[in-house]
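Participant: Dropping a structure here in structure tokens format, bear with me for questions.
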Amino acid sequence: MEDPVPSTPGIKDDHFREECGLFGVYGHPEAANLTYLGLHGLQHRGQESAGLVSSNGERLLEEKGMGHVARIFRKEQLRRLKGDLAIGHVRYSTAGTSSLVNAQPFRIDSCKGEIAIAHNGNLVNAYGVRDELEKAGSIFRSSSDTEVVLHLIARSAQPEVETAIVDALKQVRGAYSLIFLTRDRIIAVRDPRGFRPLSLGRLGDAHILTSESCALDLIDAAFVRDVEPGEMVVIGAAGVKSYRPFPAEPVSQCIFEYVYFSRPDSLVFGRSVHEVRKRLGRELAREQPVDADVVVPVPDSGVYAALGFSEGSGLPLEFGLVRNHYVGRTFIEPRQSIRHFGVKLKLNPVRALLDGKRVVLLDDSIVRGTTSRKIVSMVRAAGAREVHMRISSAPTVGPCYYGVDTPRRAELIASSHTVEEIRRHIRADSLGYLSLEGMYRAVGENRSFCTSCYTNSYPVPFPEEEQMQKVAVERHRT
Ligand code: SF4
């Protein structure tokens, strides 16, 4: 079969990218330092840029930069971020380009006072709203969808920040977990479908907000509860107030948080990611059994599902591929003679564990197929007698429009190829995916999850899809 896309080196290149991570602290004298630590715990959700905004009770102070949290913030910068309130953001761009102007939190000074915003998700109608705002005279500083919300808040006729936020959010559609910081309050909102996670925690008298609970553990804070889909939480001098300002909608929490994004030591949507990921592997062993000698995870993405597969199948788990964690971006163009350079830089097979074995190779997904093909050939070159690929999710057939960076549909190998064609492409002896029903069994129920990238059925229509639907309806009529 023809390679559907040109080969690109690297492991991450063949995975969906993380989205963004949010953290906030209300009522702690070390708010900025705690937020800085919290962002370390969320670094896996975005490595392009990070930012911190604190409130000293009179005004908002900000620091931002490109790259990893540890490299951006110096002691002097953190010292400047005074105050008992702070919010932070790590970003991987899902909308807008990668540059400092798009680094969040965004901060504005409006007639409603200073406001900072940090966003995880993607607004599907942001371009249309932005177009209208620009025609009405708004000037945008970034290319991010998030800035649209700030403009809508600033222009809202509602006099209070909370009501202006609700007014603004009623005009946008899509996925948003948001944290706002004002001079004296932190406001958290999750969209009515609850696509992206957001949780509340407690550290003594201080209140914490975080995308994932692993960041609470890092600062010794306790998990309290999730911010519910469609809920607005206002944390201020009067304590924690909860509002339900939006009409209720069916919940569509992102199932891919369990498959790949979230850290295994997090509680997400009320479940342990580690537990769910292992159950995905157990279900896979039940649905796609294979006569083999050893289960080998593709690190790190396949590790927990491989544990479950090993438990479910009774086959021993071996770490037959070792990952080098210290590889950043590489800038040399590999020539044909060093074709597998990119993958080899990050992964190395352990010949002693693979030689002469029938290997079950476990990964969470196949996106383009390029990396899987290289890994299969690497495992064979290390002496494996057979290589059976098993994937702990259903075939990825569509892109995500709700805050996850995915290749275009045409680049997703499963969007246009059968499982057998993909098997031939990656040169595996067999290939088996978990079914969507198996995924539902692993998460424990099937009603409250978004599975659009596995089904091509999108709960919140986006302009392109609306357009496609209109064309389809027109065709049907004629
Ligand atoms: Fe998650 Fe996929 Fe839905 Fe995007 S489309 S929110 S990645 S399940």
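Quick note on naming: the chains in the structure tokens go A, B, ... in the order shown, residues restart at 1 in each chain, and ligands are numbered from 1 in order of appearance.
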Compute the set of protein, DNA and RNA residues whose minimum atom distance to ligand 1 is at most 7 Å, using only C-alpha atoms and all ligand atoms, and state it as a list in words.

Facilitator: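 Counting only C-alpha atoms and all ligand atoms, the residues within 7 Å of ligand 1 come out as Phe195, Gln253, Cys254, Ile255, Phe256, Glu257, Pro399, Cys400, Tyr401, Tyr402, Gly403, Val404, Cys450, Thr451, Ser452, Cys453 and Tyr454 of chain A.
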
Participant: Give me the residues near A:Ile208 as a list of chain:residue names, where near means some atom within 7 Å (using only C-alpha atoms) and where sequence neighbours in that chain fewer than 2 positions away do not count.

Facilitator: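 Listing them by chain and then by number gives A:Gly24, A:Val25, A:Tyr26, A:Leu200, A:Gly201, A:Arg202, A:Ala206, A:Thr210.
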
Participant: The selected residues should be written to file as a JSON list (two decimals), in the first residue's frame (atoms: all heavy atoms).

Facilitator:
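Below is the file that was written, result_30.json:
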[["chain", "number", "residue", "atom", "x", "y", "z"],
["A", 24, "GLY", "N", -4.99, 27.23, 38.97],
["A", 24, "GLY", "CA", -5.32, 28.48, 39.65],
["A", 24, "GLY", "C", -5.30, 28.32, 41.16],
["A", 24, "GLY", "O", -5.58, 27.22, 41.67],
["A", 25, "VAL", "N", -4.94, 29.39, 41.87],
["A", 25, "VAL", "CA", -4.89, 29.36, 43.33],
["A", 25, "VAL", "C", -5.60, 30.60, 43.87],
["A", 25, "VAL", "O", -5.31, 31.73, 43.43],
["A", 25, "VAL", "CB", -3.42, 29.36, 43.84],
["A", 25, "VAL", "CG1", -3.38, 29.46, 45.36],
["A", 25, "VAL", "CG2", -2.69, 28.12, 43.36],
["A", 26, "TYR", "N", -6.52, 30.40, 44.79],
["A", 26, "TYR", "CA", -7.18, 31.53, 45.45],
["A", 26, "TYR", "C", -6.89, 31.45, 46.96],
["A", 26, "TYR", "O", -7.12, 30.42, 47.58],
["A", 26, "TYR", "CB", -8.71, 31.48, 45.25],
["A", 26, "TYR", "CG", -9.41, 32.59, 46.01],
["A", 26, "TYR", "CD1", -9.66, 33.81, 45.39],
["A", 26, "TYR", "CD2", -9.77, 32.43, 47.34],
["A", 26, "TYR", "CE1", -10.27, 34.84, 46.07],
["A", 26, "TYR", "CE2", -10.37, 33.47, 48.04],
["A", 26, "TYR", "CZ", -10.62, 34.67, 47.41],
["A", 26, "TYR", "OH", -11.21, 35.69, 48.11],
["A", 200, "LEU", "N", -11.61, 20.99, 41.22],
["A", 200, "LEU", "CA", -11.40, 21.87, 42.37],
["A", 200, "LEU", "C", -10.61, 21.11, 43.43],
["A", 200, "LEU", "O", -10.87, 19.94, 43.68],
["A", 200, "LEU", "CB", -12.75, 22.23, 42.99],
["A", 200, "LEU", "CG", -13.47, 23.46, 42.50],
["A", 200, "LEU", "CD1", -14.91, 23.44, 43.03],
["A", 200, "LEU", "CD2", -12.76, 24.73, 42.97],
["A", 201, "GLY", "N", -9.69, 21.83, 44.07],
["A", 201, "GLY", "CA", -8.93, 21.23, 45.17],
["A", 201, "GLY", "C", -8.84, 22.19, 46.34],
["A", 201, "GLY", "O", -9.33, 23.33, 46.28],
["A", 202, "ARG", "N", -8.23, 21.72, 47.41],
["A", 202, "ARG", "CA", -8.14, 22.52, 48.62],
["A", 202, "ARG", "C", -6.75, 22.35, 49.23],
["A", 202, "ARG", "O", -6.25, 21.23, 49.34],
["A", 202, "ARG", "CB", -9.22, 22.01, 49.59],
["A", 202, "ARG", "CG", -9.55, 22.91, 50.74],
["A", 202, "ARG", "CD", -10.51, 23.98, 50.28],
["A", 202, "ARG", "NE", -10.43, 25.09, 51.21],
["A", 202, "ARG", "CZ", -11.43, 25.51, 51.96],
["A", 202, "ARG", "NH1", -12.60, 24.94, 51.85],
["A", 202, "ARG", "NH2", -11.28, 26.54, 52.78],
["A", 206, "ALA", "N", -6.86, 27.64, 51.24],
["A", 206, "ALA", "CA", -6.78, 28.07, 49.84],
["A", 206, "ALA", "C", -7.57, 27.13, 48.93],
["A", 206, "ALA", "O", -7.68, 25.93, 49.20],
["A", 206, "ALA", "CB", -5.33, 28.11, 49.38],
["A", 210, "THR", "N", -7.56, 23.01, 38.79],
["A", 210, "THR", "CA", -6.54, 22.36, 37.96],
["A", 210, "THR", "C", -7.19, 21.51, 36.88],
["A", 210, "THR", "O", -8.29, 20.98, 37.06],
["A", 210, "THR", "CB", -5.62, 21.47, 38.83],
["A", 210, "THR", "OG1", -4.64, 20.85, 38.00],
["A", 210, "THR", "CG2", -6.38, 20.37, 39.56]]

Participant: Which residues, written as a ChimeraX atom specification, have at least one atom at most 10 Å from A:Val259, with only C-alpha atoms counted and residues fewer than 2 positions away on the same chain left out?

Facilitator: /A:254-257,261-262,264,273-274,276-278,280,301-302,304-305,363-365,392-393,439

Participant: I'd like to know which residues of stretch 33-84 of chain A are helix (DSSP H, G or I) (by DSSP, run on the backbone); could you write them as a list of chain:residue names?

Facilitator: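 For stretch 33-84 of chain A, the helix (DSSP H, G or I) set is A:Asn33, A:Leu34, A:Thr35, A:Tyr36, A:Leu37, A:Gly38, A:Leu39, A:His40, A:Gly41, A:Gln43, A:His44, A:Arg45, A:Val69, A:Ala70, A:Arg71, A:Ile72, A:Lys75, A:Glu76, A:Gln77, A:Leu78, A:Arg79, A:Arg80.
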
Participant: Can you write just those residues out, N, CA and C atoms, as a PDB file, in the first residue's frame?

Facilitator:
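Listed below is the output, result36.pdb:
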ATOM      1  N   ASN A  33       3.878  30.973  43.311  1.00  0.00           N
ATOM      2  CA  ASN A  33       4.804  29.830  43.413  1.00  0.00           C
ATOM      3  C   ASN A  33       4.058  28.504  43.308  1.00  0.00           C
ATOM      4  N   LEU A  34       2.894  28.431  43.968  1.00  0.00           N
ATOM      5  CA  LEU A  34       2.100  27.196  43.889  1.00  0.00           C
ATOM      6  C   LEU A  34       1.620  26.951  42.454  1.00  0.00           C
ATOM      7  N   THR A  35       1.227  28.029  41.786  1.00  0.00           N
ATOM      8  CA  THR A  35       0.768  27.887  40.398  1.00  0.00           C
ATOM      9  C   THR A  35       1.925  27.430  39.507  1.00  0.00           C
ATOM     10  N   TYR A  36       3.094  27.988  39.760  1.00  0.00           N
ATOM     11  CA  TYR A  36       4.295  27.581  39.022  1.00  0.00           C
ATOM     12  C   TYR A  36       4.519  26.072  39.194  1.00  0.00           C
ATOM     13  N   LEU A  37       4.411  25.594  40.433  1.00  0.00           N
ATOM     14  CA  LEU A  37       4.584  24.155  40.680  1.00  0.00           C
ATOM     15  C   LEU A  37       3.475  23.354  39.998  1.00  0.00           C
ATOM     16  N   GLY A  38       2.248  23.865  40.105  1.00  0.00           N
ATOM     17  CA  GLY A  38       1.116  23.181  39.480  1.00  0.00           C
ATOM     18  C   GLY A  38       1.319  23.028  37.975  1.00  0.00           C
ATOM     19  N   LEU A  39       1.878  24.075  37.350  1.00  0.00           N
ATOM     20  CA  LEU A  39       2.110  24.000  35.900  1.00  0.00           C
ATOM     21  C   LEU A  39       3.137  22.930  35.556  1.00  0.00           C
ATOM     22  N   HIS A  40       4.105  22.716  36.462  1.00  0.00           N
ATOM     23  CA  HIS A  40       5.047  21.604  36.253  1.00  0.00           C
ATOM     24  C   HIS A  40       4.282  20.281  36.151  1.00  0.00           C
ATOM     25  N   GLY A  41       3.284  20.126  37.032  1.00  0.00           N
ATOM     26  CA  GLY A  41       2.489  18.892  37.042  1.00  0.00           C
ATOM     27  C   GLY A  41       1.620  18.742  35.809  1.00  0.00           C
ATOM     28  N   GLN A  43       2.667  19.919  32.715  1.00  0.00           N
ATOM     29  CA  GLN A  43       3.526  20.176  31.564  1.00  0.00           C
ATOM     30  C   GLN A  43       3.232  19.251  30.382  1.00  0.00           C
ATOM     31  N   HIS A  44       2.814  18.008  30.675  1.00  0.00           N
ATOM     32  CA  HIS A  44       2.522  17.057  29.592  1.00  0.00           C
ATOM     33  C   HIS A  44       1.378  17.537  28.701  1.00  0.00           C
ATOM     34  N   ARG A  45       0.557  18.516  29.189  1.00  0.00           N
ATOM     35  CA  ARG A  45      -0.591  18.976  28.408  1.00  0.00           C
ATOM     36  C   ARG A  45      -0.231  20.087  27.422  1.00  0.00           C
ATOM     37  N   VAL A  69       8.001  25.091  31.321  1.00  0.00           N
ATOM     38  CA  VAL A  69       7.810  25.886  32.547  1.00  0.00           C
ATOM     39  C   VAL A  69       9.149  26.125  33.259  1.00  0.00           C
ATOM     40  N   ALA A  70       9.947  25.068  33.399  1.00  0.00           N
ATOM     41  CA  ALA A  70      11.204  25.170  34.154  1.00  0.00           C
ATOM     42  C   ALA A  70      12.163  26.167  33.518  1.00  0.00           C
ATOM     43  N   ARG A  71      12.050  26.329  32.186  1.00  0.00           N
ATOM     44  CA  ARG A  71      12.989  27.234  31.506  1.00  0.00           C
ATOM     45  C   ARG A  71      12.477  28.660  31.439  1.00  0.00           C
ATOM     46  N   ILE A  72      11.179  28.848  31.579  1.00  0.00           N
ATOM     47  CA  ILE A  72      10.607  30.191  31.394  1.00  0.00           C
ATOM     48  C   ILE A  72      10.772  31.047  32.647  1.00  0.00           C
ATOM     49  N   LYS A  75      13.605  33.022  39.305  1.00  0.00           N
ATOM     50  CA  LYS A  75      13.252  33.420  40.669  1.00  0.00           C
ATOM     51  C   LYS A  75      12.727  34.860  40.721  1.00  0.00           C
ATOM     52  N   GLU A  76      13.414  35.754  39.980  1.00  0.00           N
ATOM     53  CA  GLU A  76      13.025  37.176  40.033  1.00  0.00           C
ATOM     54  C   GLU A  76      11.620  37.375  39.466  1.00  0.00           C
ATOM     55  N   GLN A  77      11.309  36.608  38.417  1.00  0.00           N
ATOM     56  CA  GLN A  77       9.974  36.751  37.808  1.00  0.00           C
ATOM     57  C   GLN A  77       8.898  36.298  38.782  1.00  0.00           C
ATOM     58  N   LEU A  78       9.150  35.158  39.431  1.00  0.00           N
ATOM     59  CA  LEU A  78       8.150  34.648  40.374  1.00  0.00           C
ATOM     60  C   LEU A  78       7.995  35.609  41.546  1.00  0.00           C
ATOM     61  N   ARG A  79       9.096  36.240  41.959  1.00  0.00           N
ATOM     62  CA  ARG A  79       9.029  37.210  43.064  1.00  0.00           C
ATOM     63  C   ARG A  79       8.153  38.409  42.698  1.00  0.00           C
ATOM     64  N   ARG A  80       8.194  38.772  41.428  1.00  0.00           N
ATOM     65  CA  ARG A  80       7.387  39.918  40.969  1.00  0.00           C
ATOM     66  C   ARG A  80       5.886  39.624  41.008  1.00  0.00           C
TER      67      ARG A  80
END

Participant: Have a look at A:Leu81, A:Arg185, A:Tyr326, A:Arg390 and name the one nearest to A:Ile235; count only C-alpha atoms.

Facilitator: A:Arg185

Participant: Pick out each residue of stretch 229-333 of chain A that DSSP on the backbone tags as strand (DSSP E); I need them as a ChimeraX atom specification.

Facilitator: /A:232-236,239-243,253-254,267-268,271-272,294-297,321-323

Participant: Near A:Lys374, counting only C-alpha atoms, which residues have an atom at most 9 Å away, once you skip same-chain residues fewer than 4 positions from it, shown as an MDAnalysis selection string?

Facilitator: chainID A and resid 340 343 369:370 378:379 426

Participant: With distances taken over only C-alpha atoms, which of A:Ser211, A:Asn102, A:Ser110, A:Thr163 is nearest to A:Cys20?

Facilitator: A:Ser211

Participant: Name the residues in contact with stretch 158-160 of chain A at a cut-off of 9 Å, using only C-alpha atoms, excluding same-chain residues fewer than 4 positions from it; report them as a ChimeraX atom specification.

Facilitator: /A:111-112,153,164-165,167

Participant: Got time to write the residues from that selection, C-alpha atoms, as a PDB file, in the first residue's frame?

Facilitator:
ATOM      1  CA  CYS A 111     -14.530  48.892  31.711  1.00  0.00           C
ATOM      2  CA  LYS A 112     -15.184  45.876  33.972  1.00  0.00           C
ATOM      3  CA  ILE A 153     -16.824  40.253  27.826  1.00  0.00           C
ATOM      4  CA  ALA A 164     -20.613  39.542  31.323  1.00  0.00           C
ATOM      5  CA  ILE A 165     -18.734  36.203  31.205  1.00  0.00           C
ATOM      6  CA  ASP A 167     -23.210  36.767  28.263  1.00  0.00           C
TER       7      ASP A 167
END

Participant: Name the residues in contact with A:Gly270 at a cut-off of 9 Å, using only C-alpha atoms, excluding same-chain residues fewer than 3 positions from it; report them as a ChimeraX atom specification.

Facilitator: /A:225-226,267

Participant: For the residues in the current selection, export N, CA and C atoms as a PDB file, in the first residue's frame.

Facilitator:
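File produced: result_35.pdb:
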ATOM      1  N   ARG A 225     -13.580  18.104  44.097  1.00  0.00           N
ATOM      2  CA  ARG A 225     -14.570  17.602  43.132  1.00  0.00           C
ATOM      3  C   ARG A 225     -14.271  18.194  41.769  1.00  0.00           C
ATOM      4  N   ASP A 226     -14.935  17.654  40.737  1.00  0.00           N
ATOM      5  CA  ASP A 226     -14.850  18.255  39.398  1.00  0.00           C
ATOM      6  C   ASP A 226     -15.736  19.487  39.339  1.00  0.00           C
ATOM      7  N   LEU A 267      -6.960  11.760  38.492  1.00  0.00           N
ATOM      8  CA  LEU A 267      -8.388  11.436  38.457  1.00  0.00           C
ATOM      9  C   LEU A 267      -8.980  12.369  37.426  1.00  0.00           C
TER      10      LEU A 267
END

Participant: Near A:Ala285, counting only C-alpha atoms, which residues have an atom at most 6 Å away, once you skip same-chain residues fewer than 5 positions from it, shown as a PyMOL selection string?

Facilitator: chain A and resi 309+312-313

Participant: For all heavy atoms, I'd like the residues from the last selection saved as a PDB file, in the first residue's frame.

Facilitator:
ATOM      1  N   PHE A 309      -3.311  -5.680  29.195  1.00  0.00           N
ATOM      2  CA  PHE A 309      -3.318  -6.747  28.198  1.00  0.00           C
ATOM      3  C   PHE A 309      -2.607  -7.976  28.768  1.00  0.00           C
ATOM      4  O   PHE A 309      -3.061  -9.115  28.606  1.00  0.00           O
ATOM      5  CB  PHE A 309      -2.619  -6.281  26.915  1.00  0.00           C
ATOM      6  CG  PHE A 309      -2.848  -7.180  25.742  1.00  0.00           C
ATOM      7  CD1 PHE A 309      -3.830  -6.890  24.806  1.00  0.00           C
ATOM      8  CD2 PHE A 309      -2.086  -8.337  25.565  1.00  0.00           C
ATOM      9  CE1 PHE A 309      -4.052  -7.723  23.711  1.00  0.00           C
ATOM     10  CE2 PHE A 309      -2.302  -9.178  24.478  1.00  0.00           C
ATOM     11  CZ  PHE A 309      -3.285  -8.868  23.550  1.00  0.00           C
ATOM     12  N   GLY A 312      -4.844  -9.566  31.295  1.00  0.00           N
ATOM     13  CA  GLY A 312      -5.996 -10.202  30.645  1.00  0.00           C
ATOM     14  C   GLY A 312      -5.618 -11.442  29.856  1.00  0.00           C
ATOM     15  O   GLY A 312      -6.394 -12.395  29.763  1.00  0.00           O
ATOM     16  N   SER A 313      -4.430 -11.446  29.266  1.00  0.00           N
ATOM     17  CA  SER A 313      -4.043 -12.555  28.380  1.00  0.00           C
ATOM     18  C   SER A 313      -3.190 -13.602  29.091  1.00  0.00           C
ATOM     19  O   SER A 313      -3.039 -14.717  28.595  1.00  0.00           O
ATOM     20  CB  SER A 313      -3.236 -12.005  27.200  1.00  0.00           C
ATOM     21  OG  SER A 313      -2.030 -11.408  27.673  1.00  0.00           O
TER      22      SER A 313
END

Participant: Atom CA of A:Glu437 and atom CA of A:Arg193, how far apart in Å?

Facilitator: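 Interatomic distance, atom CA of A:Arg193 to atom CA of A:Glu437: 21.0 Å.
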
Participant: For the interface of stretch 101-172 of chain A with stretch 458-462 of chain A (cut-off 12 Å, counting only C-alpha atoms), please tabulate each contacting residue of stretch 101-172 of chain A alongside its nearest pair of atoms and their separation in Å to one decimal, rows sorted by chain and increasing number, as JSON lines.

Facilitator:
{"residue": "A:Asn122", "atom": "CA", "partner": "A:Phe462", "partner_atom": "CA", "distance": 10.6}
{"residue": "A:Leu123", "atom": "CA", "partner": "A:Phe462", "partner_atom": "CA", "distance": 8.9}
{"residue": "A:Val124", "atom": "CA", "partner": "A:Phe462", "partner_atom": "CA", "distance": 5.3}
{"residue": "A:Asn125", "atom": "CA", "partner": "A:Phe462", "partner_atom": "CA", "distance": 6.7}
{"residue": "A:Ala126", "atom": "CA", "partner": "A:Phe462", "partner_atom": "CA", "distance": 10.0}
{"residue": "A:Tyr127", "atom": "CA", "partner": "A:Phe462", "partner_atom": "CA", "distance": 10.7}
{"residue": "A:Gly128", "atom": "CA", "partner": "A:Phe462", "partner_atom": "CA", "distance": 10.7}
{"residue": "A:Val172", "atom": "CA", "partner": "A:Phe462", "partner_atom": "CA", "distance": 11.2}

Participant: Tell me which of A:Thr396, A:Ser272, A:Ser416, A:Ser310 sits closest to A:Leu362, counting only C-alpha atoms.

Facilitator: A:Ser310

Participant: Can you tell me how far atom CA of A:Asp429 sits from atom CA of A:Tyr260, in Å to one decimal?

Facilitator: 24.7 Å
